[in-house]
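Data block below; observations after.
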Amino acid sequence: MMEKAETLFKEQQLKDQFENLEKHTQWGIEFVEKYSKFVKERSEIETNYAKQIRNLSKKYQPKKNSREEEESKYTFCRSFLTTLNELNDYAGQHEVIAENLTSQILTELSRYLQELKAERKLHFHDGRKAQQHIETSWKQLESCKRRFERDCKEADRAQQYFERMDADINVTKADVEKARQQAQMRQQMATDSKNDYSSYLQKFNQEQNDHYYTIIPSIFQKLQDMEETRIERIAVCMKTFSDVDRQVLPIVGKCLDGMTKAAESIEPKADSKQVVESYKSGFEPPGDVEFEDYGQAMKRTASDTSLTNSKESKEKPSGKSKGKLWPFIKNKNKGSGPEDFSHLPPEQRRKKLQGKIDELNKDIQKEMDQRDALTKMKDVYVKNPQMGDPASVDPRLSEIGQTIEKLQFEVQKFEGWLAEVEERMPSKSDSHRRSGLFETQNNTAVSNNCAQDRESPDGSYTEEQNSETQVKVNTHPVPTSSTPEFDDEFDDEETLPTIGTCKALYPFEGHNEGTISVTEGELLFVIEEDKGDGWTRVRRNEDEEGYVPTSYVEVFLETNAKGAMTYI
């Protein structure tokens, strides 16, 4: 009974151990799945981060327009572009991290999980099979034991019955013999049961010994090896997790070094010089304004000039004029401007024309290269007709020839404008030239060679330099007329009398406040002379008056009027 109880206890203890191992190994599998999910989410984060960084870099990349070419001149713009490119490469390294996490960890863990589950299932199946086998053997042993016990009891009873029959004198000899034979049979059955029980007991003991000392330890060892392998695989994955980041650190460092180098390459002085170079107008500074002494007696009567008219006692000082120095005039005429860039200052116009010529020359060279290639192709076709028809190339050659002619014509046109600009631009020896003031005499023409170095109020530039304009004197008086006051410009000035007339040589739009638009050939009244700033004040009728560029008009003064300063 003690042996039976001990065996049952061991069996129950072993069963409990299997249950504990099942729980632990299942938890180990769940941990591997948990770690795989963690790595997957980290990979998704890296992918999304790389995508956001790439979108950020793309968002701030310069657009494909003319502004991009202008921005590329400045070191800080080039540095920012380099930073964006490095940032794009930096995003690429995070994509590499995501790819390596997926290929080196997630894929391996996914495959290993399937293997781990299958191996665990096999080991526990073998364990349950061994457990069932030993339990079955134990039950068979118990059955043999009970049969042996029963046979022994039956043999004892049969023997006792025989002895009673043999001692009873009243029993017949046949009955005694029958009882004896029955006792012998029972004894034989007990002997056979004993032998069977003994044999099976030896077999069970052997199986039990194998079960507890070989089979179960082997299964436990396999489970232990499986668990150790699982833990080792997790350790390798964790190490790979850090190595994936470490592998991209050198390239990430190079990206950061590139950003630092780009920042260090910024040159403020070079950028400021580039601004100066980009917006240099090529105009000369204006000459000194000459002193007009109104305290001395003038050689004309008060009625002969607008400057000594009785109404001028209330007029503002002549030093105030509509004309402003050209660098500070705002250009309200936005747009691309004419084809010859005549709306730009001389220096800027020269640069634009030169750039256009270079661009056209590049296009010509490109077309000529295509023509040479097609000519060679045609020669090949002529020598080897089986490769193609030489006549098939002629239409394209003709088209390219026409294109080259058009481009060459454009180059000649722009070169003509460029030569015109370079001739009109002041030389270095003239950089300190002053504005001249010439007074016209009666019936005398005076020419003025001063360059007009100012911008017109509407933002356009006059480039007529070193040219002569005759100032003709009108011998016939022009009736004076008065005009109402102008808003903002003339609200505090009294109406000026006319001092002559003028004829518009060129059309002038006059968009800016205080200017007046004129058409070519239009006749106007002159009410204020050029004060040296390149502007003449004129009147069209009683309601319209304003400033026009002096170089745009031909002035005819009255007989006794003060000489006009014409800066053309």
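Following the order of the structure tokens, first chain is A, next is B, and so on, with residues numbered from 1 inside each chain and ligands from 1 in the order they appear.
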Notebook entry, point to check: Got a sec: who's within 7 Å of Trp535 in chain A, counting only C-alpha atoms, leaving out chain neighbours fewer than 6 positions off, as a PyMOL selection string?
Noted result: chain A and resi 323+547-550
Item checked: Neighbour list for Glu422 in chain A as a VMD selection string, cut-off 9 Å, only C-alpha atoms, skip fewer than 6 positions in-chain -> chain A and resid 346 to 347 350
Next item on the list: Excluding range 512-525 of chain A and any residue of its chain fewer than 5 positions from it, enumerate the residues within 7 Å of it, using only C-alpha atoms, and give them as an MDAnalysis selection string.
Entry: chainID A and resid 457:458 489 498 500:507 538:540 545:548
Next item on the list: Grab the CA of Val96 in chain A to CA of Met259 in chain A distance for me, in Å with one decimal place.
Entry: 20.1 Å
Notebook entry, point to check: So how far away is CA of Leu249 in chain A from CA of Gly92 in chain A, in Å?
Noted result: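 Separating CA of Gly92 in chain A from CA of Leu249 in chain A is a distance of 12.2 Å.
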Next item on the list: Name all residues at most 9 Å from range 398-403 of chain A (count only C-alpha atoms; drop same-chain ones fewer than 6 positions away) and give them as a ChimeraX atom specification.
Entry: /A:364,367-368,370-371
Can you spit out the residues from that selection as a short mmCIF file (atom, residue, chain, number, x, y, z; two decimals), in the first residue's frame, using N, CA and C atoms?
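Here's the written file result-v3.cif:
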```cif
data_model
loop_
_atom_site.label_atom_id
_atom_site.label_comp_id
_atom_site.auth_asym_id
_atom_site.auth_seq_id
_atom_site.Cartn_x
_atom_site.Cartn_y
_atom_site.Cartn_z
N ILE A 364 21.43 77.71 -79.44
CA ILE A 364 22.00 77.53 -80.78
C ILE A 364 22.97 76.36 -80.80
N GLU A 367 21.10 73.10 -80.74
CA GLU A 367 20.53 72.78 -82.05
C GLU A 367 21.61 72.35 -83.04
N MET A 368 22.77 73.00 -82.96
CA MET A 368 23.86 72.62 -83.87
C MET A 368 24.36 71.22 -83.56
N GLN A 370 22.52 68.81 -82.39
CA GLN A 370 21.52 67.91 -82.96
C GLN A 370 21.69 67.82 -84.48
N ARG A 371 21.97 68.96 -85.11
CA ARG A 371 22.16 68.95 -86.56
C ARG A 371 23.36 68.09 -86.95
#
```
